[in-house]
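Visitor: Structure: target04.txt, compact mmCIF, C-alpha atoms.
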# COMPACT_ATOMS: atom_id res chain seq x y z
CA MET A 393 -6.65 20.92 -14.19
CA VAL A 394 -3.51 19.07 -13.16
CA ALA A 395 -3.79 16.64 -10.27
CA ALA A 396 -2.06 17.55 -7.03
CA LEU A 397 1.01 15.57 -5.95
CA TRP A 398 1.45 15.85 -2.19
CA ARG A 399 4.20 13.56 -0.99
CA LEU A 400 6.67 10.98 -2.18
CA SER A 401 8.10 8.13 -0.15
CA SER A 402 11.39 6.36 -0.90
CA ARG A 403 10.27 3.34 1.08
CA LEU A 404 9.93 0.06 -0.77
CA LEU A 405 6.20 -0.54 -0.45
CA ALA A 406 5.87 -3.58 -2.67
CA VAL A 407 8.73 -6.04 -2.87
CA SER A 408 7.24 -9.13 -4.46
CA SER A 409 4.81 -11.90 -3.72
CA ARG A 410 7.36 -14.67 -4.17
CA LEU A 411 10.99 -13.71 -3.59
CA SER A 412 13.56 -16.41 -2.91
CA PHE A 413 17.02 -16.44 -1.36
CA ARG A 414 19.93 -18.82 -1.67
CA PRO A 415 19.77 -22.04 0.34
CA ALA A 416 21.26 -21.86 3.86
CA ARG A 417 20.72 -18.15 3.81
CA LEU A 418 17.41 -16.39 3.34
CA ALA A 419 14.93 -18.53 1.54
CA VAL A 420 11.61 -17.19 0.30
CA ALA A 421 8.83 -14.67 0.22
CA ILE A 422 8.70 -11.45 2.18
CA LEU A 423 5.15 -10.45 1.35
CA GLY A 424 2.36 -10.13 -1.13
CA LEU A 425 1.65 -6.45 -0.97
CA THR A 426 -0.74 -4.27 -2.83
CA ILE A 427 -2.12 -2.23 0.02
CA VAL A 428 -5.68 -1.01 0.17
CA VAL A 429 -6.22 0.97 3.36
CA SER A 430 -9.97 1.16 3.00
CA CYS A 431 -12.67 0.38 0.49
CA SER A 432 -16.32 1.22 0.29
CA GLY A 433 -19.16 -1.22 0.07
CA ASN A 434 -19.87 -0.24 -3.54
CA THR A 435 -16.44 -1.03 -4.94
CA THR A 436 -16.56 -2.58 -8.39
CA SER A 437 -12.86 -3.26 -8.85
CA PRO A 438 -12.27 -5.79 -11.66
CA THR A 439 -9.58 -7.49 -9.56
CA PRO A 440 -10.04 -7.70 -5.76
CA PRO A 441 -6.86 -6.54 -3.98
CA PRO A 442 -4.83 -9.19 -2.17
CA THR A 443 -4.54 -9.15 1.60
CA PRO A 444 -1.17 -7.58 2.55
CA ILE A 445 0.18 -10.62 4.41
CA VAL A 446 3.79 -10.73 5.64
CA LEU A 447 5.60 -14.05 5.11
CA ALA A 448 8.84 -15.28 6.61
CA ALA A 449 11.80 -14.78 4.28
CA ALA A 450 13.66 -17.65 5.99
CA SER A 451 13.12 -20.28 8.64
CA GLY A 452 14.16 -19.70 12.24
CA VAL A 453 13.05 -19.17 15.82
CA VAL A 454 10.88 -16.25 16.87
CA THR A 455 12.81 -14.24 19.46
CA ALA A 456 10.51 -11.22 19.95
CA ILE A 457 7.07 -9.95 19.03
CA ARG A 458 5.03 -6.80 19.62
CA ASP A 459 1.35 -6.76 18.72
CA THR A 460 -0.56 -4.13 20.71
CA GLU A 461 0.47 -0.77 19.21
CA PRO A 462 -1.89 1.41 17.12
CA ASP A 463 -1.51 0.59 13.43
CA ARG A 464 -2.96 3.61 11.60
CA ASN A 465 -0.17 6.10 12.21
CA THR A 466 0.40 8.87 9.67
CA SER A 467 3.38 10.44 11.46
CA CYS A 468 6.48 9.30 13.33
CA THR A 469 5.18 8.27 16.74
CA GLY A 470 5.06 5.33 19.13
CA SER A 471 6.51 1.83 18.77
CA ALA A 472 6.06 -0.52 15.85
CA ASN A 473 4.40 -3.92 16.06
CA LEU A 474 6.96 -6.47 14.93
CA VAL A 475 8.19 -10.03 14.62
CA GLN A 476 11.88 -10.83 15.13
CA ILE A 477 13.34 -14.15 13.95
CA ARG A 478 16.80 -15.66 14.54
CA GLN A 479 17.75 -17.62 11.42
CA PRO A 480 19.98 -20.72 11.18
CA ASP A 481 22.71 -18.66 9.46
CA GLY A 482 23.02 -16.46 12.56
CA LEU A 483 21.25 -13.46 11.09
CA THR A 484 18.23 -11.91 12.79
CA ALA A 485 15.34 -10.71 10.63
CA LEU A 486 13.01 -7.92 11.74
CA TYR A 487 9.53 -7.49 10.24
CA GLY A 488 8.10 -4.17 11.40
CA HIS A 489 5.11 -1.77 11.29
CA LEU A 490 2.62 -4.66 11.41
CA LYS A 491 -1.11 -4.31 11.95
CA LYS A 492 -2.28 -4.40 15.57
CA GLY A 493 -3.48 -7.85 16.59
CA SER A 494 -2.27 -9.51 13.40
CA VAL A 495 0.89 -11.23 14.63
CA ALA A 496 0.39 -14.94 14.00
CA VAL A 497 3.44 -16.40 15.81
CA SER A 498 4.74 -16.52 19.38
CA VAL A 499 8.15 -16.20 21.02
CA GLY A 500 10.08 -19.47 20.91
CA GLN A 501 8.11 -20.80 17.96
CA GLN A 502 10.00 -22.45 15.11
CA VAL A 503 8.79 -21.04 11.77
CA SER A 504 9.39 -22.30 8.27
CA VAL A 505 10.03 -20.39 5.08
CA ALA A 506 6.91 -18.50 3.91
CA ALA A 507 5.13 -18.94 7.25
CA ILE A 508 2.52 -16.25 7.85
CA LEU A 509 3.83 -13.72 10.38
CA GLY A 510 1.17 -11.01 10.30
CA VAL A 511 -0.41 -8.28 8.20
CA VAL A 512 1.08 -5.03 6.92
CA GLY A 513 0.13 -1.97 8.97
CA SER A 514 1.36 1.51 9.86
CA SER A 515 2.39 1.14 13.50
CA GLY A 516 5.28 3.03 15.07
CA CYS A 517 7.30 5.65 13.17
CA SER A 518 5.34 5.25 9.95
CA THR A 519 3.48 7.62 7.65
CA ALA A 520 1.74 4.95 5.54
CA PRO A 521 1.26 1.17 5.52
CA HIS A 522 4.43 -0.69 4.54
CA LEU A 523 6.75 -3.46 5.68
CA HIS A 524 10.09 -2.65 7.33
CA PHE A 525 12.33 -5.66 6.62
CA GLU A 526 15.77 -5.60 8.22
CA LEU A 527 18.61 -8.08 8.73
CA ARG A 528 21.24 -7.84 11.49
CA ASP A 529 24.26 -10.00 12.25
CA ALA A 530 25.47 -11.35 15.62
CA ALA A 531 27.19 -8.02 16.34
CA ASN A 532 23.87 -6.21 15.73
CA ARG A 533 25.14 -4.64 12.51
CA VAL A 534 22.70 -4.09 9.65
CA VAL A 535 23.23 -6.52 6.77
CA ASP A 536 22.29 -5.55 3.22
CA PRO A 537 20.86 -8.65 1.47
CA PHE A 538 21.55 -7.08 -1.93
CA ARG A 539 25.18 -6.14 -1.25
CA ASN A 540 25.87 -9.46 0.44
CA GLY A 541 24.31 -11.54 -2.33
CA LEU A 542 21.70 -13.20 -0.14
CA TRP A 543 18.93 -13.17 -2.71
CA ALA A 544 18.71 -16.21 -4.98
CA ALA A 545 16.45 -14.15 -7.24
CA PRO A 546 16.96 -10.46 -6.36
CA PRO A 547 13.65 -8.57 -6.17
CA ILE A 548 13.09 -5.67 -8.54
CA TYR A 549 13.16 -2.46 -6.55
CA ASN A 550 11.49 -0.35 -9.23
CA THR A 551 7.99 -1.77 -8.93
CA SER A 552 5.48 -1.49 -11.74
CA ILE A 553 2.79 1.15 -11.26
CA THR A 554 -0.03 -0.09 -9.03
CA LEU A 555 -3.13 1.52 -7.55
CA MET A 556 -2.99 0.99 -3.79
CA ASP A 557 -6.10 2.93 -2.78
CA LEU A 558 -8.89 5.06 -4.23
CA VAL A 559 -10.43 7.59 -1.82
CA ILE A 560 -13.60 9.59 -2.53
CA ALA A 561 -14.91 12.37 -0.29
CA ALA A 562 -17.49 15.13 -0.27
CA GLY A 563 -15.54 18.37 -0.60
CA ASP A 564 -11.89 19.01 -1.38
CA MET A 565 -9.57 16.04 -0.94
CA THR A 566 -6.76 16.39 1.62
CA LEU A 567 -3.51 14.51 2.08
CA GLN A 568 -4.64 13.25 5.48
CA GLN A 569 -7.77 11.74 3.93
CA ILE A 570 -5.68 9.69 1.50
CA LYS A 571 -3.15 8.61 4.13
CA ASP A 572 -5.79 7.52 6.66
CA PRO A 573 -9.12 7.41 4.82
CA ALA A 574 -12.64 7.01 6.06
CA ARG A 575 -15.01 4.84 4.07
CA ASN A 576 -15.68 6.32 0.66
CA VAL A 577 -18.79 8.49 0.50
CA GLN A 578 -21.82 6.85 -1.09
CA SER A 579 -23.91 10.00 -1.42
CA ILE A 580 -23.15 13.66 -1.96
CA PRO A 581 -25.26 16.83 -2.33
CA ARG A 582 -25.67 17.63 -6.01
CA GLY A 583 -23.85 20.68 -7.24
CA THR A 584 -21.04 20.31 -4.68
CA VAL A 585 -17.36 19.40 -4.95
CA ILE A 586 -16.32 15.74 -5.10
CA GLY A 587 -12.76 15.01 -4.01
CA VAL A 588 -10.85 12.06 -5.45
CA GLY A 589 -7.49 10.82 -4.20
CA VAL A 590 -5.25 7.90 -5.10
CA SER A 591 -2.27 6.25 -3.45
CA MET A 592 0.06 4.77 -6.05
CA ALA A 593 2.97 2.38 -5.74
CA GLY A 594 5.77 2.50 -8.26
CA GLY A 595 5.64 3.95 -11.73
CA GLY A 596 8.05 5.65 -14.09
CA ALA A 597 8.29 8.03 -17.01
CA GLY A 598 5.48 7.40 -19.49
CA ASP A 599 3.07 5.70 -17.09
CA VAL A 600 -0.40 7.26 -17.17
CA ILE A 601 -3.11 7.52 -14.51
CA ARG A 602 -6.57 8.63 -15.66
CA MET A 603 -9.34 9.75 -13.34
CA VAL A 604 -12.72 9.70 -15.09
CA ILE A 605 -16.04 10.92 -13.68
CA THR A 606 -19.13 9.77 -15.56
CA ALA A 607 -22.56 11.37 -15.18
CA PRO A 608 -25.81 9.44 -14.60
CA THR A 609 -26.56 10.07 -18.28
CA GLY A 610 -23.34 8.36 -19.35
CA ALA A 611 -21.70 11.62 -20.34
CA THR A 612 -18.14 12.31 -19.19
CA LEU A 613 -17.83 15.14 -16.69
CA SER A 614 -14.07 14.84 -16.24
CA ASP A 615 -11.36 12.82 -18.00
CA SER A 616 -8.10 13.76 -16.32
CA PRO A 617 -4.97 11.94 -17.51
CA LEU A 618 -1.73 12.37 -15.62
CA THR A 619 1.55 11.23 -17.17
CA PHE A 620 4.56 10.42 -15.00
CA THR A 621 7.78 12.13 -16.08
CA THR A 622 10.02 10.47 -13.50
CA VAL A 623 10.24 7.38 -11.28
CA TYR A 624 8.15 7.32 -8.11
CA ARG A 625 8.42 4.76 -5.32
CA HIS A 626 5.13 5.92 -3.85
CA SER A 627 2.98 8.95 -4.58
CA TYR A 628 -0.33 10.56 -3.64
CA TRP A 629 -2.47 12.39 -6.22
CA SER A 630 -5.77 14.23 -5.99
CA TRP A 631 -8.49 15.86 -8.07
CA ASN A 632 -11.35 18.12 -6.96
CA ARG A 633 -14.29 18.50 -9.32
CA GLN A 634 -17.49 20.52 -9.09
CA LEU A 635 -20.54 18.40 -9.81
CA PRO A 636 -23.46 19.95 -11.71
CA SER A 637 -26.95 19.89 -10.22
CA THR A 638 -27.84 16.63 -11.99
CA PRO A 639 -29.11 14.03 -9.47
CA GLY A 640 -28.41 10.33 -9.79
CA VAL A 641 -25.51 7.88 -9.73
CA TRP A 642 -22.10 9.21 -10.71
CA THR A 643 -19.15 6.91 -11.39
CA VAL A 644 -15.51 7.58 -10.53
CA SER A 645 -13.04 5.37 -12.41
CA ILE A 646 -9.27 5.03 -12.22
CA LEU A 647 -7.39 3.69 -15.23
CA VAL A 648 -3.69 2.85 -15.20
CA ASN A 649 -2.00 2.74 -18.61
CA GLY A 650 -5.42 2.41 -20.24
CA VAL A 651 -6.67 -0.43 -18.03
CA LEU A 652 -9.59 0.07 -15.63
CA VAL A 653 -8.33 -0.89 -12.16
CA GLN A 654 -11.12 0.39 -9.90
CA SER A 655 -14.42 2.25 -10.06
CA GLU A 656 -16.78 3.56 -7.39
CA THR A 657 -20.30 4.97 -7.56
CA VAL A 658 -21.62 8.01 -5.67
CA THR A 659 -25.25 9.12 -5.61
CA ALA A 660 -25.90 12.86 -5.96
CA THR A 661 -29.06 13.85 -4.10
Give the structure from the file, written as structure tokens.

Guide:
Amino acid sequence: MVAALWRLSSRLLAVSSRLSFRPARLAVAILGLTIVVSCSGNTTSPTPPPTPIVLAAASGVVTAIRDTEPDRNTSCTGSANLVQIRQPDGLTALYGHLKKGSVAVSVGQQVSVAAILGVVGSSGCSTAPHLHFELRDAANRVVDPFRNGLWAAPPIYNTSITLMDLVIAAGDMTLQQIKDPARNVQSIPRGTVIGVGVSMAGGGAGDVIRMVITAPTGATLSDSPLTFTTVYRHSYWSWNRQLPSTPGVWTVSILVNGVLVQSETVTAT
């Protein structure tokens, strides 16, 4: 059975963890960003995901903040939490869609390059966690840092394939569950459907995601590879599998290009 692909996003979800700009213009990192919206207490991921912290791309003075808006939006609604910084070169940088209560600076504060500004969220007109980074000049016109040569080391837009979140539910998986997940189920009635969903950043033709479900006996119930045939900025995929009546601990594993990136256990009772 082929996995379901629900929605693609052209937003740049992961820019880089250390991006630098030319001196006297924009200087360093935007963010370190592999987003995990939720994780269960029985996660056995080989590599713990980094916290999606937003860093200042250049020094400057904070001119505006917003920090009280809901940050789990999955549709276009409300206002975004943000930090706005006036830089020495006259440009104003906007960092938007931040997590509620995460803003770490105040209006009038002088910040340095790579200063922590907040945490990635999904506040305002946002359908998934990401950072909105925008530059404007003194006339309030949008400035493209790529077209204007502001990057000292231009970030790669086509990010490598990365698992952002693994979601496991009792019953069929839905798009809404992947976009705004509850904690992963830890138990499920035996003989029922287990739903598995993943949120992926990046990827291109030839990249392979495998979803494997292993029985308490060690036997493989499902080994479902999915090969990308095109470039994706961001994609959601799902699998629904009927469990047999065997009780015990079942394991759901996600492999990306043959490497185990996360596994979860669920007890069938």

Visitor: Calculate how many Å separate atom CA of A:Val590 from atom CA of A:Ser515, rounding to one decimal.

Guide: 21.2 Å

Visitor: May I have the residues within 7 Å of stretch 494-505 of chain A as a PDB file with C-alpha atoms, keeping the file's coordinate frame, using only C-alpha atoms and disregarding those fewer than 5 positions away in the same chain?

Guide:
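selection-v3.pdb written:
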ATOM      1  CA  ALA A 419      14.930 -18.530   1.540  1.00  0.00           C
ATOM      2  CA  VAL A 420      11.610 -17.190   0.300  1.00  0.00           C
ATOM      3  CA  ALA A 448       8.840 -15.280   6.610  1.00  0.00           C
ATOM      4  CA  ALA A 449      11.800 -14.780   4.280  1.00  0.00           C
ATOM      5  CA  ALA A 450      13.660 -17.650   5.990  1.00  0.00           C
ATOM      6  CA  SER A 451      13.120 -20.280   8.640  1.00  0.00           C
ATOM      7  CA  GLY A 452      14.160 -19.700  12.240  1.00  0.00           C
ATOM      8  CA  VAL A 453      13.050 -19.170  15.820  1.00  0.00           C
ATOM      9  CA  VAL A 454      10.880 -16.250  16.870  1.00  0.00           C
ATOM     10  CA  THR A 455      12.810 -14.240  19.460  1.00  0.00           C
ATOM     11  CA  ALA A 456      10.510 -11.220  19.950  1.00  0.00           C
ATOM     12  CA  ILE A 457       7.070  -9.950  19.030  1.00  0.00           C
ATOM     13  CA  ASP A 459       1.350  -6.760  18.720  1.00  0.00           C
ATOM     14  CA  GLY A 510       1.170 -11.010  10.300  1.00  0.00           C
ATOM     15  CA  VAL A 511      -0.410  -8.280   8.200  1.00  0.00           C
TER      16      VAL A 511
END

Visitor: Please identify all polymer residues within 9 Å of A:Phe620, counting all atoms listed in the file, omitting same-chain residues fewer than 5 positions from it, and present them as a PyMOL selection string.

Guide: chain A and resi 595-601

Visitor: What is the atom CA of A:Ala544-atom CA of A:Tyr624 distance in Å, reported with one decimal?

Guide: 26.0 Å

Visitor: Need the shell around A:Ala593: protein/DNA/RNA residues with any atom at most 7 Å away, counting all atoms listed in the file. Skip same-chain ones fewer than 2 positions apart. Format as a PyMOL selection string?

Guide: chain A and resi 405+553-556+591+595+625-627

Visitor: Measuring between all atoms listed in the file, which one of A:Pro546, A:Gly541, A:Gly589, A:Gly583 shows the shortest distance to A:Ser645?

Guide: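 Of the candidates, the smallest distance to A:Ser645 is held by A:Gly589.
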
Visitor: With only C-alpha atoms as the atoms that count, which of A:Leu527, A:Val623, A:Leu618, A:Ala507 lies nearest to A:Gln476?

Guide: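 That would be A:Leu527, the residue with the smallest distance to A:Gln476.
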
Visitor: Of the candidates A:Met603, A:Val585, A:Leu509, A:Ala545, which shows the shortest atom-to-atom distance to A:Gln654, using all atoms listed in the file?

Guide: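 Smallest distance to A:Gln654 is found for A:Met603.
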
Visitor: For A:Asp557, which residue out of A:Phe538, A:Trp543, A:Phe525, A:Trp629 is the nearest one, using only C-alpha atoms?

Guide: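 Between A:Phe538, A:Trp543, A:Phe525, A:Trp629, the residue approaching A:Asp557 most closely is A:Trp629.
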
Visitor: Please tell me which residues are no farther than 9 Å from (-17.4, 9.9, -3.2) in the file, counting all atoms listed in the file, and write them as a list in words.

Guide: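 Residues satisfying the cut-off, written out: Val559, Ile560, Ala561, Ala562, Asn576, Val577, Gln578, Ser579, Ile580, Ile586, Gly587, Val588, Trp642, Thr643, Val644, Glu656, Thr657, Val658 and Thr659 of chain A.
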
Visitor: Mind writing the picked residues with C-alpha atoms as an mmCIF file, in the frame of the given file?

Guide:
data_model
loop_
_atom_site.group_PDB
_atom_site.id
_atom_site.type_symbol
_atom_site.label_atom_id
_atom_site.label_comp_id
_atom_site.auth_asym_id
_atom_site.auth_seq_id
_atom_site.Cartn_x
_atom_site.Cartn_y
_atom_site.Cartn_z
ATOM 1 C CA VAL A 559 -10.430 7.590 -1.820
ATOM 2 C CA ILE A 560 -13.600 9.590 -2.530
ATOM 3 C CA ALA A 561 -14.910 12.370 -0.290
ATOM 4 C CA ALA A 562 -17.490 15.130 -0.270
ATOM 5 C CA ASN A 576 -15.680 6.320 0.660
ATOM 6 C CA VAL A 577 -18.790 8.490 0.500
ATOM 7 C CA GLN A 578 -21.820 6.850 -1.090
ATOM 8 C CA SER A 579 -23.910 10.000 -1.420
ATOM 9 C CA ILE A 580 -23.150 13.660 -1.960
ATOM 10 C CA ILE A 586 -16.320 15.740 -5.100
ATOM 11 C CA GLY A 587 -12.760 15.010 -4.010
ATOM 12 C CA VAL A 588 -10.850 12.060 -5.450
ATOM 13 C CA TRP A 642 -22.100 9.210 -10.710
ATOM 14 C CA THR A 643 -19.150 6.910 -11.390
ATOM 15 C CA VAL A 644 -15.510 7.580 -10.530
ATOM 16 C CA GLU A 656 -16.780 3.560 -7.390
ATOM 17 C CA THR A 657 -20.300 4.970 -7.560
ATOM 18 C CA VAL A 658 -21.620 8.010 -5.670
ATOM 19 C CA THR A 659 -25.250 9.120 -5.610
#

Visitor: Mind pulling up the distance from atom CA of A:Arg458 to atom CA of A:Lys492?

Guide: 8.7 Å

Visitor: Between A:Thr443, A:Ser471, A:Ala531, A:Ser518, which residue has the minimum interatomic distance to A:Thr484, considering only C-alpha atoms?

Guide: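 Once distances to A:Thr484 are computed over only C-alpha atoms, the minimum belongs to A:Ala531.
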